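upload23.pdb (PDB, C-alpha atoms, pLDDT in the B column)
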```pdb
ATOM      1  CA  MET A   1       0.000   0.000   0.000  1.00 93.00           C
ATOM      2  CA  GLU A   2       1.045   3.652  -0.279  1.00 94.00           C
ATOM      3  CA  PHE A   3       1.912   5.898   2.669  1.00 93.00           C
ATOM      4  CA  ARG A   4       2.974   9.504   2.001  1.00 94.00           C
ATOM      5  CA  ASP A   5       3.261   8.619  -1.683  1.00 95.00           C
ATOM      6  CA  GLU A   6       5.736   5.851  -0.961  1.00 96.00           C
ATOM      7  CA  PRO A   7       5.101   2.098  -1.289  1.00 96.00           C
ATOM      8  CA  VAL A   8       5.007   0.201   2.010  1.00 94.00           C
ATOM      9  CA  GLU A   9       5.242  -3.587   2.121  1.00 92.00           C
ATOM     10  CA  LEU A  10       2.686  -5.309   4.330  1.00 89.00           C
ATOM     11  CA  LEU A  11       3.616  -8.528   6.118  1.00 86.00           C
ATOM     12  CA  ALA A  12       1.355 -11.212   7.537  1.00 86.00           C
ATOM     13  CA  ALA A  13       1.038 -10.912  11.320  1.00 86.00           C
ATOM     14  CA  ASP A  14       2.779 -14.114  12.340  1.00 88.00           C
ATOM     15  CA  ALA A  15       5.713 -15.169  14.486  1.00 90.00           C
ATOM     16  CA  LYS A  16       8.269 -14.652  11.725  1.00 89.00           C
ATOM     17  CA  SER A  17       7.159 -11.045  11.139  1.00 90.00           C
ATOM     18  CA  LEU A  18       8.029 -10.234  14.772  1.00 93.00           C
ATOM     19  CA  ASP A  19      11.744 -10.980  14.401  1.00 91.00           C
ATOM     20  CA  GLY A  20      13.767  -7.835  15.092  1.00 92.00           C
ATOM     21  CA  VAL A  21      10.759  -5.900  16.411  1.00 94.00           C
ATOM     22  CA  ASP A  22      11.306  -3.938  19.629  1.00 95.00           C
ATOM     23  CA  VAL A  23       7.905  -2.244  20.008  1.00 96.00           C
ATOM     24  CA  LEU A  24       4.657  -3.831  18.859  1.00 95.00           C
ATOM     25  CA  PHE A  25       1.357  -1.962  18.490  1.00 95.00           C
ATOM     26  CA  LEU A  26      -1.752  -4.146  18.499  1.00 94.00           C
ATOM     27  CA  ALA A  27      -4.434  -2.326  16.517  1.00 90.00           C
ATOM     28  CA  GLY A  28      -6.518  -5.121  15.002  1.00 82.00           C
ATOM     29  CA  SER A  29      -9.405  -6.999  16.542  1.00 86.00           C
ATOM     30  CA  ALA A  30      -9.261  -8.129  20.163  1.00 88.00           C
ATOM     31  CA  ALA A  31      -9.018 -11.770  19.071  1.00 90.00           C
ATOM     32  CA  GLN A  32      -6.121 -11.032  16.718  1.00 91.00           C
ATOM     33  CA  ALA A  33      -4.355  -9.004  19.398  1.00 93.00           C
ATOM     34  CA  GLY A  34      -4.543 -11.851  21.880  1.00 93.00           C
ATOM     35  CA  GLU A  35      -3.012 -14.320  19.429  1.00 93.00           C
ATOM     36  CA  ILE A  36      -0.156 -12.042  18.347  1.00 93.00           C
ATOM     37  CA  ALA A  37       0.621 -11.039  21.942  1.00 93.00           C
ATOM     38  CA  LYS A  38       1.274 -14.685  22.801  1.00 93.00           C
ATOM     39  CA  LEU A  39       3.977 -14.808  20.126  1.00 93.00           C
ATOM     40  CA  ALA A  40       5.634 -11.474  20.802  1.00 94.00           C
ATOM     41  CA  PHE A  41       7.782 -11.815  23.921  1.00 93.00           C
ATOM     42  CA  PRO A  42       9.326 -15.175  22.900  1.00 92.00           C
ATOM     43  CA  ARG A  43      10.423 -13.471  19.639  1.00 92.00           C
ATOM     44  CA  GLY A  44      12.236 -10.692  21.507  1.00 92.00           C
ATOM     45  CA  VAL A  45       9.641  -7.892  21.510  1.00 95.00           C
ATOM     46  CA  ARG A  46      10.309  -5.599  24.471  1.00 95.00           C
ATOM     47  CA  LEU A  47       7.148  -3.491  24.622  1.00 95.00           C
ATOM     48  CA  ILE A  48       3.601  -4.293  23.505  1.00 96.00           C
ATOM     49  CA  VAL A  49       1.117  -1.411  23.277  1.00 96.00           C
ATOM     50  CA  ASP A  50      -2.433  -2.684  22.957  1.00 96.00           C
ATOM     51  CA  LEU A  51      -4.880  -0.382  21.157  1.00 94.00           C
ATOM     52  CA  SER A  52      -7.380  -3.132  20.355  1.00 91.00           C
ATOM     53  CA  GLY A  53      -9.079  -3.200  23.761  1.00 91.00           C
ATOM     54  CA  ARG A  54      -8.091  -6.832  24.313  1.00 93.00           C
ATOM     55  CA  PHE A  55      -6.039  -6.109  27.444  1.00 94.00           C
ATOM     56  CA  ALA A  56      -7.478  -2.754  28.562  1.00 93.00           C
ATOM     57  CA  ASP A  57      -9.758  -4.343  31.143  1.00 91.00           C
ATOM     58  CA  GLU A  58      -7.173  -6.665  32.696  1.00 92.00           C
ATOM     59  CA  ILE A  59      -6.206  -5.384  36.122  1.00 90.00           C
ATOM     60  CA  ASP A  60      -2.589  -6.623  35.896  1.00 91.00           C
ATOM     61  CA  VAL A  61      -2.010  -4.730  32.618  1.00 93.00           C
ATOM     62  CA  PRO A  62      -1.239  -1.013  33.083  1.00 93.00           C
ATOM     63  CA  LEU A  63      -3.879   1.202  31.441  1.00 95.00           C
ATOM     64  CA  VAL A  64      -1.946   4.205  30.194  1.00 94.00           C
ATOM     65  CA  LEU A  65      -2.742   7.643  28.817  1.00 93.00           C
ATOM     66  CA  THR A  66       0.472   9.616  29.100  1.00 89.00           C
ATOM     67  CA  SER A  67      -1.306  12.973  29.439  1.00 89.00           C
ATOM     68  CA  VAL A  68      -3.151  11.582  32.494  1.00 93.00           C
ATOM     69  CA  ASN A  69      -1.055   8.941  34.277  1.00 90.00           C
ATOM     70  CA  PRO A  70       2.541   9.012  32.956  1.00 88.00           C
ATOM     71  CA  ALA A  71       3.746   7.402  36.194  1.00 87.00           C
ATOM     72  CA  ALA A  72       2.191   4.140  34.967  1.00 86.00           C
ATOM     73  CA  VAL A  73       5.038   3.749  32.462  1.00 85.00           C
ATOM     74  CA  ALA A  74       7.824   5.207  34.586  1.00 83.00           C
ATOM     75  CA  ALA A  75       9.010   1.882  35.976  1.00 77.00           C
ATOM     76  CA  LEU A  76       8.043  -0.771  33.451  1.00 87.00           C
ATOM     77  CA  PRO A  77      10.042  -4.004  33.449  1.00 89.00           C
ATOM     78  CA  ALA A  78      12.412  -4.881  30.613  1.00 88.00           C
ATOM     79  CA  ARG A  79       9.527  -6.545  28.804  1.00 92.00           C
ATOM     80  CA  ALA A  80       6.089  -5.065  29.288  1.00 94.00           C
ATOM     81  CA  LEU A  81       2.539  -5.024  27.996  1.00 95.00           C
ATOM     82  CA  VAL A  82       0.525  -1.831  28.383  1.00 95.00           C
ATOM     83  CA  ALA A  83      -2.973  -0.968  27.205  1.00 96.00           C
ATOM     84  CA  VAL A  84      -4.403   2.264  25.813  1.00 95.00           C
ATOM     85  CA  PRO A  85      -8.027   3.225  26.557  1.00 95.00           C
ATOM     86  CA  ASP A  86     -10.580   3.546  23.778  1.00 93.00           C
ATOM     87  CA  ALA A  87     -11.213   6.987  22.310  1.00 93.00           C
ATOM     88  CA  ALA A  88     -14.247   7.872  24.432  1.00 95.00           C
ATOM     89  CA  THR A  89     -12.502   6.934  27.682  1.00 96.00           C
ATOM     90  CA  ALA A  90      -9.338   8.776  26.634  1.00 95.00           C
ATOM     91  CA  ILE A  91     -11.256  11.977  25.825  1.00 94.00           C
ATOM     92  CA  ALA A  92     -13.059  11.915  29.174  1.00 96.00           C
ATOM     93  CA  ALA A  93      -9.910  11.155  31.168  1.00 96.00           C
ATOM     94  CA  ALA A  94      -7.870  13.904  29.490  1.00 95.00           C
ATOM     95  CA  ALA A  95     -10.568  16.478  30.213  1.00 95.00           C
ATOM     96  CA  LEU A  96     -11.109  15.389  33.810  1.00 96.00           C
ATOM     97  CA  ALA A  97      -7.483  14.876  34.901  1.00 95.00           C
ATOM     98  CA  PRO A  98      -6.718  18.555  35.698  1.00 95.00           C
ATOM     99  CA  ILE A  99     -10.083  18.923  37.455  1.00 96.00           C
ATOM    100  CA  ALA A 100      -9.430  15.805  39.525  1.00 96.00           C
ATOM    101  CA  ALA A 101      -5.992  17.087  40.530  1.00 94.00           C
ATOM    102  CA  ALA A 102      -7.402  20.430  41.652  1.00 95.00           C
ATOM    103  CA  ALA A 103     -10.650  19.488  43.370  1.00 96.00           C
ATOM    104  CA  GLY A 104     -11.033  15.726  43.418  1.00 96.00           C
ATOM    105  CA  ILE A 105     -13.876  13.919  41.670  1.00 97.00           C
ATOM    106  CA  ALA A 106     -16.434  11.822  43.524  1.00 97.00           C
ATOM    107  CA  ARG A 107     -18.705  10.792  40.674  1.00 97.00           C
ATOM    108  CA  VAL A 108     -18.985  11.086  36.890  1.00 98.00           C
ATOM    109  CA  HIS A 109     -22.108  10.671  34.773  1.00 98.00           C
ATOM    110  CA  ALA A 110     -21.059  10.332  31.122  1.00 98.00           C
ATOM    111  CA  SER A 111     -22.887  10.176  27.806  1.00 97.00           C
ATOM    112  CA  THR A 112     -21.049   9.456  24.569  1.00 97.00           C
ATOM    113  CA  TYR A 113     -22.152  10.217  21.012  1.00 97.00           C
ATOM    114  CA  GLU A 114     -20.164   8.004  18.657  1.00 96.00           C
ATOM    115  CA  SER A 115     -20.015   8.154  14.872  1.00 96.00           C
ATOM    116  CA  ALA A 116     -19.902   5.361  12.314  1.00 97.00           C
ATOM    117  CA  SER A 117     -16.105   5.588  12.101  1.00 94.00           C
ATOM    118  CA  GLY A 118     -16.009   3.837  15.477  1.00 92.00           C
ATOM    119  CA  MET A 119     -16.648   0.686  13.427  1.00 92.00           C
ATOM    120  CA  GLY A 120     -13.880   1.610  10.994  1.00 90.00           C
ATOM    121  CA  LYS A 121     -14.248   2.043   7.255  1.00 93.00           C
ATOM    122  CA  SER A 122     -16.864  -0.700   7.122  1.00 95.00           C
ATOM    123  CA  GLY A 123     -19.040   1.243   9.565  1.00 96.00           C
ATOM    124  CA  MET A 124     -18.800   4.391   7.460  1.00 97.00           C
ATOM    125  CA  ASP A 125     -19.582   2.384   4.335  1.00 97.00           C
ATOM    126  CA  GLU A 126     -22.654   0.893   6.004  1.00 97.00           C
ATOM    127  CA  LEU A 127     -23.973   4.313   7.023  1.00 97.00           C
ATOM    128  CA  GLY A 128     -23.410   5.662   3.499  1.00 97.00           C
ATOM    129  CA  LYS A 129     -25.215   2.694   1.971  1.00 97.00           C
ATOM    130  CA  GLN A 130     -28.142   3.066   4.370  1.00 97.00           C
ATOM    131  CA  ILE A 131     -28.536   6.768   3.556  1.00 97.00           C
ATOM    132  CA  LYS A 132     -28.507   6.003  -0.161  1.00 97.00           C
ATOM    133  CA  GLU A 133     -31.086   3.238   0.239  1.00 96.00           C
ATOM    134  CA  LEU A 134     -33.472   5.385   2.269  1.00 96.00           C
ATOM    135  CA  PHE A 135     -33.218   8.295  -0.172  1.00 95.00           C
ATOM    136  CA  ASN A 136     -34.264   5.854  -2.897  1.00 95.00           C
ATOM    137  CA  TYR A 137     -37.258   4.603  -0.860  1.00 95.00           C
ATOM    138  CA  ARG A 138     -35.691   1.237  -0.122  1.00 95.00           C
ATOM    139  CA  SER A 139     -35.152  -0.473   3.221  1.00 93.00           C
ATOM    140  CA  ALA A 140     -31.805   0.095   4.956  1.00 93.00           C
ATOM    141  CA  ASP A 141     -30.410  -3.139   6.367  1.00 93.00           C
ATOM    142  CA  ALA A 142     -28.073  -3.191   9.368  1.00 95.00           C
ATOM    143  CA  GLU A 143     -25.114  -5.563   9.566  1.00 95.00           C
ATOM    144  CA  LEU A 144     -22.545  -3.986  11.875  1.00 95.00           C
ATOM    145  CA  PHE A 145     -24.875  -1.779  13.919  1.00 96.00           C
ATOM    146  CA  PRO A 146     -27.779  -3.084  16.044  1.00 94.00           C
ATOM    147  CA  ARG A 147     -30.317  -1.197  13.903  1.00 95.00           C
ATOM    148  CA  SER A 148     -30.156   1.046  10.845  1.00 96.00           C
ATOM    149  CA  LEU A 149     -28.032   4.052  11.844  1.00 97.00           C
ATOM    150  CA  ALA A 150     -29.074   6.396   9.030  1.00 97.00           C
ATOM    151  CA  PHE A 151     -31.171   9.311  10.395  1.00 96.00           C
ATOM    152  CA  ASN A 152     -31.259   7.495  13.708  1.00 96.00           C
ATOM    153  CA  ALA A 153     -29.552   7.303  17.104  1.00 96.00           C
ATOM    154  CA  LEU A 154     -28.855   3.967  18.741  1.00 97.00           C
ATOM    155  CA  PRO A 155     -28.343   3.775  22.527  1.00 95.00           C
ATOM    156  CA  ARG A 156     -26.531   0.448  22.354  1.00 95.00           C
ATOM    157  CA  VAL A 157     -22.786   0.387  21.772  1.00 95.00           C
ATOM    158  CA  GLY A 158     -21.835  -3.243  22.253  1.00 91.00           C
ATOM    159  CA  PRO A 159     -23.988  -6.058  23.678  1.00 93.00           C
ATOM    160  CA  PHE A 160     -26.049  -5.617  26.833  1.00 94.00           C
ATOM    161  CA  SER A 161     -24.848  -7.199  30.061  1.00 89.00           C
ATOM    162  CA  LYS A 162     -26.386  -7.731  33.492  1.00 84.00           C
ATOM    163  CA  GLY A 163     -27.859  -4.644  35.111  1.00 85.00           C
ATOM    164  CA  GLY A 164     -28.991  -3.028  31.848  1.00 90.00           C
ATOM    165  CA  PHE A 165     -25.652  -1.481  30.867  1.00 94.00           C
ATOM    166  CA  THR A 166     -23.738  -2.560  27.771  1.00 95.00           C
ATOM    167  CA  GLU A 167     -20.278  -4.045  28.040  1.00 93.00           C
ATOM    168  CA  ALA A 168     -18.890  -0.902  26.368  1.00 94.00           C
ATOM    169  CA  GLU A 169     -20.480   1.242  29.082  1.00 96.00           C
ATOM    170  CA  ARG A 170     -19.010  -0.918  31.827  1.00 95.00           C
ATOM    171  CA  PHE A 171     -15.665  -0.867  30.014  1.00 94.00           C
ATOM    172  CA  PHE A 172     -15.790   2.957  29.936  1.00 96.00           C
ATOM    173  CA  ALA A 173     -16.676   3.167  33.633  1.00 96.00           C
ATOM    174  CA  ARG A 174     -13.926   0.822  34.779  1.00 95.00           C
ATOM    175  CA  GLY A 175     -11.320   2.419  32.522  1.00 96.00           C
ATOM    176  CA  LEU A 176     -12.075   5.992  33.584  1.00 97.00           C
ATOM    177  CA  ASN A 177     -11.955   4.993  37.230  1.00 96.00           C
ATOM    178  CA  ARG A 178      -8.560   3.341  36.739  1.00 95.00           C
ATOM    179  CA  LEU A 179      -7.075   6.283  34.838  1.00 95.00           C
ATOM    180  CA  LEU A 180      -8.175   8.742  37.535  1.00 95.00           C
ATOM    181  CA  GLY A 181      -6.783   6.793  40.485  1.00 92.00           C
ATOM    182  CA  GLY A 182      -8.508   3.429  40.591  1.00 89.00           C
ATOM    183  CA  GLY A 183     -10.706   1.821  43.231  1.00 89.00           C
ATOM    184  CA  ASP A 184     -12.003   4.150  45.923  1.00 89.00           C
ATOM    185  CA  VAL A 185      -9.443   6.803  44.885  1.00 90.00           C
ATOM    186  CA  GLY A 186     -10.927   7.120  41.405  1.00 91.00           C
ATOM    187  CA  PRO A 187     -14.475   8.397  40.842  1.00 96.00           C
ATOM    188  CA  LYS A 188     -17.606   6.289  40.642  1.00 97.00           C
ATOM    189  CA  VAL A 189     -18.626   6.318  36.982  1.00 97.00           C
ATOM    190  CA  THR A 190     -21.830   5.585  35.098  1.00 96.00           C
ATOM    191  CA  ALA A 191     -22.075   5.859  31.320  1.00 97.00           C
ATOM    192  CA  THR A 192     -24.557   5.760  28.471  1.00 97.00           C
ATOM    193  CA  ARG A 193     -23.029   5.232  25.035  1.00 97.00           C
ATOM    194  CA  ALA A 194     -24.899   5.832  21.775  1.00 97.00           C
ATOM    195  CA  TRP A 195     -24.234   5.637  18.044  1.00 98.00           C
ATOM    196  CA  ILE A 196     -25.184   8.746  16.058  1.00 97.00           C
ATOM    197  CA  PRO A 197     -25.619   9.042  12.259  1.00 97.00           C
ATOM    198  CA  ALA A 198     -22.392  10.929  11.557  1.00 96.00           C
ATOM    199  CA  PHE A 199     -19.510   9.562   9.493  1.00 96.00           C
ATOM    200  CA  SER A 200     -16.776  10.727  11.875  1.00 94.00           C
ATOM    201  CA  GLY A 201     -16.363  12.460  15.205  1.00 92.00           C
ATOM    202  CA  LEU A 202     -16.887  11.606  18.844  1.00 94.00           C
ATOM    203  CA  ALA A 203     -18.448  13.653  21.644  1.00 94.00           C
ATOM    204  CA  VAL A 204     -18.556  12.982  25.368  1.00 96.00           C
ATOM    205  CA  SER A 205     -20.845  14.844  27.767  1.00 96.00           C
ATOM    206  CA  LEU A 206     -19.736  14.771  31.419  1.00 97.00           C
ATOM    207  CA  VAL A 207     -21.631  15.695  34.585  1.00 97.00           C
ATOM    208  CA  VAL A 208     -19.135  15.736  37.454  1.00 97.00           C
ATOM    209  CA  ASP A 209     -19.583  15.785  41.236  1.00 97.00           C
ATOM    210  CA  LEU A 210     -16.481  17.327  42.830  1.00 97.00           C
ATOM    211  CA  LYS A 211     -15.092  16.688  46.294  1.00 96.00           C
ATOM    212  CA  ARG A 212     -14.221  20.370  46.776  1.00 96.00           C
ATOM    213  CA  PRO A 213     -15.750  23.555  45.315  1.00 96.00           C
ATOM    214  CA  LEU A 214     -14.172  24.779  42.074  1.00 96.00           C
ATOM    215  CA  PRO A 215     -15.360  28.036  40.448  1.00 95.00           C
ATOM    216  CA  ILE A 216     -16.143  27.720  36.746  1.00 92.00           C
ATOM    217  CA  ASP A 217     -13.561  30.352  35.754  1.00 92.00           C
ATOM    218  CA  GLU A 218     -10.865  28.468  37.651  1.00 95.00           C
ATOM    219  CA  ALA A 219     -11.904  25.197  36.010  1.00 94.00           C
ATOM    220  CA  ARG A 220     -11.733  26.814  32.568  1.00 93.00           C
ATOM    221  CA  THR A 221      -8.240  28.151  33.358  1.00 95.00           C
ATOM    222  CA  LEU A 222      -7.057  24.719  34.490  1.00 95.00           C
ATOM    223  CA  LEU A 223      -8.331  23.109  31.300  1.00 95.00           C
ATOM    224  CA  ALA A 224      -6.834  25.775  29.047  1.00 94.00           C
ATOM    225  CA  ALA A 225      -3.421  25.339  30.687  1.00 94.00           C
ATOM    226  CA  HIS A 226      -3.326  21.591  29.987  1.00 91.00           C
ATOM    227  CA  ASP A 227      -1.154  20.588  27.016  1.00 87.00           C
ATOM    228  CA  SER A 228      -3.648  18.091  25.593  1.00 86.00           C
ATOM    229  CA  ILE A 229      -6.768  20.284  25.849  1.00 92.00           C
ATOM    230  CA  GLU A 230      -8.049  23.163  23.761  1.00 93.00           C
ATOM    231  CA  VAL A 231     -10.901  25.130  25.343  1.00 93.00           C
ATOM    232  CA  VAL A 232     -13.519  26.327  22.842  1.00 92.00           C
ATOM    233  CA  ASP A 233     -16.210  27.906  24.999  1.00 90.00           C
ATOM    234  CA  ASP A 234     -17.589  31.340  24.229  1.00 89.00           C
ATOM    235  CA  PRO A 235     -21.411  31.411  24.271  1.00 89.00           C
ATOM    236  CA  ALA A 236     -21.473  35.114  23.425  1.00 92.00           C
ATOM    237  CA  GLU A 237     -19.761  34.335  20.095  1.00 92.00           C
ATOM    238  CA  ASP A 238     -21.635  31.039  19.604  1.00 93.00           C
ATOM    239  CA  GLU A 239     -18.378  29.088  19.906  1.00 92.00           C
ATOM    240  CA  PHE A 240     -18.420  25.492  21.049  1.00 90.00           C
ATOM    241  CA  PRO A 241     -16.425  22.349  20.183  1.00 86.00           C
ATOM    242  CA  VAL A 242     -17.328  20.413  17.037  1.00 84.00           C
ATOM    243  CA  SER A 243     -15.564  17.591  15.220  1.00 75.00           C
ATOM    244  CA  GLY A 244     -15.268  19.566  11.980  1.00 66.00           C
ATOM    245  CA  GLU A 245     -16.688  22.399   9.924  1.00 60.00           C
ATOM    246  CA  THR A 246     -18.453  22.171   6.571  1.00 47.00           C
TER     247      THR A 246
END
```
Let me see the file written as C-alpha cells.
Amino acid sequence: MEFRDEPVELLAADAKSLDGVDVLFLAGSAAQAGEIAKLAFPRGVRLIVDLSGRFADEIDVPLVLTSVNPAAVAALPARALVAVPDAATAIAAAALAPIAAAAGIARVHASTYESASGMGKSGMDELGKQIKELFNYRSADAELFPRSLAFNALPRVGPFSKGGFTEAERFFARGLNRLLGGGDVGPKVTATRAWIPAFSGLAVSLVVDLKRPLPIDEARTLLAAHDSIEVVDDPAEDEFPVSGET
C-alpha cells in the first residue's frame, strides 16, 4: 500500500514477522491481538502497546494515557505489555485529569455520542449505503450496527450485560476509574453510550460531582493550561467544540 506517496510492504502478522521488532502496536481486533501477543515476547519484543481493547480491562495490565497517568510507564520491566483506553474513555480522562488534581472527583455521569467511524471504514460504508437506500425509498439493512443508523440514534454500543448497561459502558466506567486513580481513589462512573448518524467524530458529555468547590472560571483556566486540551467555549460568540466544519 502507499503511505505519504511511498510504497510500504505489508507482512502477515505471524511469528516470523516479529523478528527484530522492539515495540509492537496491536491495533486489530481483540481476538487477533490476543493471538499475536502470545507470540511477541518469545520473539524478543520488548514493549507491547495494545490499542485493540483486548487487554485494557485486565487489572494486571497497566492502562496508560500519558497525558493523564505518565507514572504508569515510569518503571516498566524490561519486557512489558501496556494498554491504551478507547477513544471515548481517553477523551473523558484527558478532560477530567486537571479537574481531579485540583478538586477531586467523587462521581462522573457520562454520555457518549459516537459516529460510524467507530466501526472503521466498514461502519462508514454501512452508514453511506443506508442513507442512499433510504433516499431511494428502499429499506436500509443493518449488519454492523444493532439497527439502521441512518437518520437514527442507537443507545446500544456493544452487547447488553447484566444490570442493563452494555459491556462498552461498563468498560468505559472501569477504565475511567482506573485512569483517575482506581478503586475508591478514582471516581464512581456511570455511562450511556450511543451511536449517532455521523460519518466521523466523537463527543462525550460529562456531569461531574467534585469533592471540593471549584469556580467555573478556575476550572476553565485549568483546562486551558493543559497541554492536551483546547478550550472552545464562548457562548457570546456562539463558539463550542465540534468535530469539523463544513
Run the PyMOL selection byres ((chain A and resi 158) around 10) against the file shown and list the residues it catches, as a PDB file with C-alpha atoms, in the coordinates of the input.
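Output saved as part11.pdb:
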```
ATOM      1  CA  PHE A 145     -24.875  -1.779  13.919  1.00 96.00           C
ATOM      2  CA  PRO A 146     -27.779  -3.084  16.044  1.00 94.00           C
ATOM      3  CA  PRO A 155     -28.343   3.775  22.527  1.00 95.00           C
ATOM      4  CA  ARG A 156     -26.531   0.448  22.354  1.00 95.00           C
ATOM      5  CA  VAL A 157     -22.786   0.387  21.772  1.00 95.00           C
ATOM      6  CA  PRO A 159     -23.988  -6.058  23.678  1.00 93.00           C
ATOM      7  CA  PHE A 160     -26.049  -5.617  26.833  1.00 94.00           C
ATOM      8  CA  SER A 161     -24.848  -7.199  30.061  1.00 89.00           C
ATOM      9  CA  PHE A 165     -25.652  -1.481  30.867  1.00 94.00           C
ATOM     10  CA  THR A 166     -23.738  -2.560  27.771  1.00 95.00           C
ATOM     11  CA  GLU A 167     -20.278  -4.045  28.040  1.00 93.00           C
ATOM     12  CA  ALA A 168     -18.890  -0.902  26.368  1.00 94.00           C
ATOM     13  CA  GLU A 169     -20.480   1.242  29.082  1.00 96.00           C
ATOM     14  CA  ARG A 193     -23.029   5.232  25.035  1.00 97.00           C
ATOM     15  CA  ALA A 194     -24.899   5.832  21.775  1.00 97.00           C
TER      16      ALA A 194
END
```
Exercise: A:Gly201 partners within 9 Å, all atoms listed in the file, chain neighbours under 5 positions left out, as a PDB file with C-alpha atoms, in the coordinates of the input:
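The new file result.pdb reads:
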```pdb
ATOM      1  CA  TYR A 113     -22.152  10.217  21.012  1.00 97.00           C
ATOM      2  CA  GLU A 114     -20.164   8.004  18.657  1.00 96.00           C
ATOM      3  CA  SER A 115     -20.015   8.154  14.872  1.00 96.00           C
ATOM      4  CA  ALA A 116     -19.902   5.361  12.314  1.00 97.00           C
ATOM      5  CA  SER A 117     -16.105   5.588  12.101  1.00 94.00           C
ATOM      6  CA  GLY A 118     -16.009   3.837  15.477  1.00 92.00           C
ATOM      7  CA  VAL A 242     -17.328  20.413  17.037  1.00 84.00           C
ATOM      8  CA  SER A 243     -15.564  17.591  15.220  1.00 75.00           C
ATOM      9  CA  GLY A 244     -15.268  19.566  11.980  1.00 66.00           C
TER      10      GLY A 244
END
```
If the PyMOL selection byres ((chain A and resi 123) around 12) were run on this exact file, what residues would it hold? Put them as a PyMOL selection string.
chain A and resi 114-122+124-130+142-146+148-150+195-200
Option closest in space to A:Ala103, from A:Ala225, A:Val23, A:Ala219, A:Val232 [counting only C-alpha atoms]:
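Closest candidate: A:Ala219.
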Neighbours of A:Ala72 within 9 Å (only C-alpha atoms; same-chain residues fewer than 5 positions away dropped), as a VMD selection string?
chain A and resid 62 to 66
List the residues matched by the PyMOL selection byres ((chain A and resi 92) around 9) in the displayed structure as number ranges by chain, ordered by chain and then by residue number.
A: 87-91, 93-97, 110, 176, 204-206
So which one's closest to A:Glu35, A:Asp22, A:Glu58, A:Asp238, A:Asp14? Using all atoms listed in the file, please.
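Among A:Asp22, A:Glu58, A:Asp238, A:Asp14, it is A:Asp14 that comes nearest to A:Glu35.
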